[in-house]
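Okay, structure first, notes after.
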Amino acid sequence: MQYLNLGCGNRFCNGPEWINIDFNSVYDNVKSINILKGLPFADESVDAVFSSCMLEHLTKDQAQKHLSECFRVLRQGGVCRIVVPDLENVCREYLRMLELVRNDEAYRAKYDYILIELIDQMTRMYSGGEMLKYWQSPDKDEEYIQERTGYPEDLKGKLPLRIILKGKIGYVTAKVFGRLPFYQKYQLGKFMLSGETHKWMYDEYGLTQLLKSAGFQNVVRASAGDSMISGWNQYELELDGGKEYKPHSLYVEGVKIS
């Protein structure tokens with residue numbers, strides 16, 4: 001068996017059946033590959049393709065081309081598993097919180113957060129955006145963030161050293177050049193091309209249609225611990241101690257029939 005784990009970040013498998021791939025990686029067992037240039041694998045050479053929280057960082061056209069590449073490299077009967085933030089879920093939660101906060105200001109912190117979850121990563125113009133500011137605010141609702149996101153380590157103040165150093169260097173550079181118009185435009189363009197922002201969002205219907213248009217059939221909604229990929233649960237790519245790693249995600253799978 002041969003499986004691809006695309007855009008894996010720091011969640012990868014060491015088993016011989018897995019090839020872990022990211023745009024830029026510091027891990028020895030993760031290959032640095034720009035998937036926008038295609039997948040460097042032969043036609044019908046892999047049994048499963050998996051990506052989590054990656055497709056939304058591509059434009060809709062890029063996502064379509066990428067899924068066509070996934071279809072190409074999969075063998076007949078192979079599974080493509082895509083995990084993205086669930087647009088329908090966050091929209092429904094936003095509307096729920098909007099109704100609650102209208103009648104009770106005690107829901108203000110939750111309302112502020114769900115609005116950020118809905119739009120910040122599509123609109124932010126600097127790293128971290130409004131979400132990072134909220135995480136660092138004394139008025140944040142930590143329990144609600146944990147419910148929505150799985151309580152990221154960044155929220156606990158345990159930022160990696162490389163991020164701290166990058167932030168300090170960026171702060172000093174911005175102090176020196178920040179008022180220069182050309183530098184502001186350069187920094188904005190650099191950030192928008194960094195891959196941090198969301199370029200599109202998906203609900204179950206939209207993602208299903210995208211997979212079908214790439215040629216996949218038997219497209220179904222799955223869950224964190226449920227997959228057509230053989231032996232899925234043993235890899236724990238989407239579970240931490242039996243709990244969903246990215247709560248409220250959308251899990252969709254399709255099969256290459258022909």
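Ligands are numbered from 1 in the order shown, residues from 1 within each chain, and chains are lettered A, B, ... in the order they appear in the structure tokens.
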What's the 9 Å shell around segment 206-212 of chain A, counting only C-alpha atoms, without same-chain residues fewer than 2 positions away, as a PyMOL selection string?
chain A and resi 63-64+67-68+80+82+201-204+214-221+252-254
Serialized selection, N, CA, C and O atoms, as an mmCIF file, in the first residue's frame:
```cif
data_model
loop_
_atom_site.group_PDB
_atom_site.id
_atom_site.type_symbol
_atom_site.label_atom_id
_atom_site.label_comp_id
_atom_site.auth_asym_id
_atom_site.auth_seq_id
_atom_site.Cartn_x
_atom_site.Cartn_y
_atom_site.Cartn_z
ATOM 1 N N ALA A 63 -7.545 24.344 -6.425
ATOM 2 C CA ALA A 63 -8.084 23.148 -5.775
ATOM 3 C C ALA A 63 -8.598 22.156 -6.813
ATOM 4 O O ALA A 63 -8.387 20.941 -6.684
ATOM 5 N N GLN A 64 -9.254 22.659 -7.853
ATOM 6 C CA GLN A 64 -9.772 21.780 -8.895
ATOM 7 C C GLN A 64 -8.639 21.053 -9.615
ATOM 8 O O GLN A 64 -8.694 19.833 -9.845
ATOM 9 N N LEU A 67 -7.094 18.381 -7.250
ATOM 10 C CA LEU A 67 -7.886 17.158 -7.123
ATOM 11 C C LEU A 67 -7.815 16.316 -8.392
ATOM 12 O O LEU A 67 -7.864 15.079 -8.326
ATOM 13 N N SER A 68 -7.674 16.965 -9.527
ATOM 14 C CA SER A 68 -7.481 16.208 -10.772
ATOM 15 C C SER A 68 -6.154 15.461 -10.744
ATOM 16 O O SER A 68 -6.055 14.333 -11.249
ATOM 17 N N CYS A 80 -9.636 9.218 -2.044
ATOM 18 C CA CYS A 80 -9.178 10.588 -1.794
ATOM 19 C C CYS A 80 -9.958 11.117 -0.597
ATOM 20 O O CYS A 80 -11.191 11.206 -0.639
ATOM 21 N N ILE A 82 -10.452 14.294 1.951
ATOM 22 C CA ILE A 82 -10.211 15.722 2.109
ATOM 23 C C ILE A 82 -10.872 16.211 3.386
ATOM 24 O O ILE A 82 -12.058 15.936 3.632
ATOM 25 N N MET A 201 -13.699 28.530 0.891
ATOM 26 C CA MET A 201 -14.282 27.736 1.973
ATOM 27 C C MET A 201 -15.304 26.776 1.396
ATOM 28 O O MET A 201 -15.895 27.028 0.343
ATOM 29 N N TYR A 202 -15.541 25.670 2.127
ATOM 30 C CA TYR A 202 -16.383 24.601 1.603
ATOM 31 C C TYR A 202 -17.419 24.136 2.615
ATOM 32 O O TYR A 202 -17.129 24.020 3.810
ATOM 33 N N ASP A 203 -18.618 23.858 2.087
ATOM 34 C CA ASP A 203 -19.602 23.085 2.830
ATOM 35 C C ASP A 203 -19.657 21.703 2.192
ATOM 36 O O ASP A 203 -18.945 21.432 1.216
ATOM 37 N N GLU A 204 -20.479 20.820 2.751
ATOM 38 C CA GLU A 204 -20.516 19.454 2.249
ATOM 39 C C GLU A 204 -20.917 19.395 0.780
ATOM 40 O O GLU A 204 -20.299 18.671 -0.017
ATOM 41 N N ALA A 214 -13.812 16.309 -10.408
ATOM 42 C CA ALA A 214 -12.460 15.804 -10.658
ATOM 43 C C ALA A 214 -12.484 14.346 -11.088
ATOM 44 O O ALA A 214 -11.432 13.779 -11.422
ATOM 45 N N GLY A 215 -13.664 13.717 -11.070
ATOM 46 C CA GLY A 215 -13.795 12.339 -11.533
ATOM 47 C C GLY A 215 -14.125 11.329 -10.453
ATOM 48 O O GLY A 215 -14.358 10.147 -10.754
ATOM 49 N N PHE A 216 -14.149 11.756 -9.194
ATOM 50 C CA PHE A 216 -14.391 10.810 -8.095
ATOM 51 C C PHE A 216 -15.863 10.423 -8.014
ATOM 52 O O PHE A 216 -16.754 11.222 -8.290
ATOM 53 N N GLN A 217 -16.092 9.185 -7.608
ATOM 54 C CA GLN A 217 -17.443 8.666 -7.435
ATOM 55 C C GLN A 217 -17.616 8.162 -6.001
ATOM 56 O O GLN A 217 -16.665 8.140 -5.221
ATOM 57 N N ASN A 218 -18.844 7.765 -5.683
ATOM 58 C CA ASN A 218 -19.163 7.292 -4.325
ATOM 59 C C ASN A 218 -18.681 8.289 -3.271
ATOM 60 O O ASN A 218 -18.102 7.910 -2.248
ATOM 61 N N VAL A 219 -18.891 9.583 -3.534
ATOM 62 C CA VAL A 219 -18.437 10.627 -2.609
ATOM 63 C C VAL A 219 -19.360 10.659 -1.396
ATOM 64 O O VAL A 219 -20.584 10.768 -1.528
ATOM 65 N N VAL A 220 -18.764 10.543 -0.220
ATOM 66 C CA VAL A 220 -19.546 10.478 1.019
ATOM 67 C C VAL A 220 -18.907 11.333 2.099
ATOM 68 O O VAL A 220 -17.706 11.624 2.062
ATOM 69 N N ARG A 221 -19.723 11.715 3.061
ATOM 70 C CA ARG A 221 -19.209 12.399 4.244
ATOM 71 C C ARG A 221 -18.742 11.366 5.253
ATOM 72 O O ARG A 221 -19.416 10.351 5.475
ATOM 73 N N VAL A 252 -14.710 14.524 3.872
ATOM 74 C CA VAL A 252 -15.359 13.991 2.674
ATOM 75 C C VAL A 252 -14.388 13.089 1.929
ATOM 76 O O VAL A 252 -13.200 13.414 1.792
ATOM 77 N N GLU A 253 -14.893 11.964 1.428
ATOM 78 C CA GLU A 253 -14.074 11.015 0.694
ATOM 79 C C GLU A 253 -14.722 10.654 -0.639
ATOM 80 O O GLU A 253 -15.956 10.627 -0.747
ATOM 81 N N GLY A 254 -13.884 10.398 -1.612
ATOM 82 C CA GLY A 254 -14.348 9.927 -2.912
ATOM 83 C C GLY A 254 -13.456 8.787 -3.391
ATOM 84 O O GLY A 254 -12.313 8.648 -2.947
#
```
Skip segment 22-27 of chain A itself and residues of its chain fewer than 5 positions away, then list as a PDB file with N, CA and C atoms, in the first residue's frame all residues within 7 Å of it, counting only C-alpha atoms.
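Writing done, so here's around.pdb:
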```
ATOM      1  N   LEU A   6      -0.749  14.927   2.232  1.00  0.00           N
ATOM      2  CA  LEU A   6      -0.402  16.189   1.585  1.00  0.00           C
ATOM      3  C   LEU A   6      -0.657  17.380   2.507  1.00  0.00           C
ATOM      4  N   GLY A   7       0.306  18.319   2.522  1.00  0.00           N
ATOM      5  CA  GLY A   7       0.178  19.489   3.380  1.00  0.00           C
ATOM      6  C   GLY A   7       0.136  19.098   4.842  1.00  0.00           C
ATOM      7  N   CYS A   8       1.005  18.181   5.228  1.00  0.00           N
ATOM      8  CA  CYS A   8       0.884  17.508   6.529  1.00  0.00           C
ATOM      9  C   CYS A   8       1.316  18.350   7.720  1.00  0.00           C
ATOM     10  N   GLY A   9       2.142  19.391   7.503  1.00  0.00           N
ATOM     11  CA  GLY A   9       2.632  20.147   8.653  1.00  0.00           C
ATOM     12  C   GLY A   9       3.425  19.257   9.591  1.00  0.00           C
ATOM     13  N   SER A  32       9.572  18.205   0.898  1.00  0.00           N
ATOM     14  CA  SER A  32       9.155  19.559   0.529  1.00  0.00           C
ATOM     15  C   SER A  32       8.834  19.580  -0.966  1.00  0.00           C
ATOM     16  N   ILE A  33       7.547  19.693  -1.274  1.00  0.00           N
ATOM     17  CA  ILE A  33       7.081  19.654  -2.662  1.00  0.00           C
ATOM     18  C   ILE A  33       6.007  20.722  -2.855  1.00  0.00           C
ATOM     19  N   ASN A  34       6.119  21.466  -3.929  1.00  0.00           N
ATOM     20  CA  ASN A  34       5.090  22.439  -4.293  1.00  0.00           C
ATOM     21  C   ASN A  34       4.016  21.714  -5.096  1.00  0.00           C
TER      22      ASN A  34
END
```
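Pairwise distance (atom CA of Phe12 of chain A, atom CA of Val46 of chain A) equals 16.9 Å.
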Nearest to Tyr94 of chain A, chosen from A:Lys65, A:Gly231, A:Arg148, A:Ser51, with only C-alpha atoms counted in the distances:
A:Arg148
Smallest atom-to-atom distance to Tyr3 of chain A: which of A:Asn89, A:Ser213, A:Ser45, A:Gln121, using only C-alpha atoms?
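For Tyr3 of chain A, the nearest of the given residues is A:Ser45.
Closest approach to Asp47 of chain A among A:Ile19, A:Ile35, A:Leu4, A:Ala109: A:Leu4, based on only C-alpha atoms.
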Polymer residues at most 12 Å from Asp112 of chain A, only C-alpha atoms, same-chain spacing of 5 or more positions, as a short mmCIF file (atom, residue, chain, number, x, y, z; two decimals) with C-alpha atoms, in the first residue's frame:
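And here's out_2.cif as it stands now:
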```
data_model
loop_
_atom_site.label_atom_id
_atom_site.label_comp_id
_atom_site.auth_asym_id
_atom_site.auth_seq_id
_atom_site.Cartn_x
_atom_site.Cartn_y
_atom_site.Cartn_z
CA GLU A 93 -22.77 28.71 14.92
CA TYR A 94 -22.33 32.38 14.03
CA MET A 97 -24.36 33.27 18.74
CA LEU A 98 -25.78 36.35 17.02
CA VAL A 101 -25.80 37.99 22.15
CA GLU A 105 -24.23 40.46 26.55
CA ALA A 106 -22.72 37.52 28.45
CA TYR A 107 -22.29 35.87 25.02
CA GLU A 117 -13.44 32.16 12.97
CA LEU A 118 -15.82 32.87 10.11
CA ILE A 119 -13.98 35.66 8.29
CA ASP A 120 -10.55 36.44 9.76
CA GLU A 130 -7.59 39.11 14.61
CA MET A 131 -7.57 35.51 15.84
CA LYS A 133 -5.18 39.14 19.04
CA TYR A 134 -8.24 37.40 20.47
CA TRP A 135 -6.18 34.50 21.82
CA SER A 137 -6.82 39.03 25.00
CA ASP A 139 -11.38 38.80 27.66
CA LYS A 140 -11.21 35.62 25.56
CA ASP A 141 -13.47 32.67 26.27
CA TYR A 144 -15.30 28.15 23.81
CA ILE A 145 -12.02 28.25 21.89
#
```
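Interatomic distance, atom CA of Val79 of chain A against atom CA of Lys246 of chain A: 20.9 Å.
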What parts of segment 99-136 of chain A does DSSP call alpha helix (DSSP H)? I'd like the answer as a VMD selection string.
chain A and resid 99 to 103 108 to 123 129 to 135
Minimum-distance residue to Ser127 of chain A, chosen among A:Lys243, A:Glu196, A:Met228, A:Asp104 (using only C-alpha atoms):
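Checking each of A:Lys243, A:Glu196, A:Met228, A:Asp104 against Ser127 of chain A, counting only C-alpha atoms, the winner is A:Glu196.
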One-decimal distance in Å that lies between atom CA of Ala224 of chain A and atom CA of Thr149 of chain A
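Computing it gives 14.0 Å between the two atoms.
In this comparison, which uses only C-alpha atoms, the residue of A:Ile114, A:Glu238, A:Lys60, A:Arg75 approaching Met1 of chain A most closely is A:Arg75.
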So, counting only C-alpha atoms, which residue among A:Asn14, A:Glu56, A:Val84, A:Cys91 is closest to Asp28 of chain A?
A:Asn14
Give me the residues within 7 Å of Gly77 of chain A as an NGL selection string, counting only C-alpha atoms and dropping any in the same chain fewer than 5 places off.
:A and (255-257)
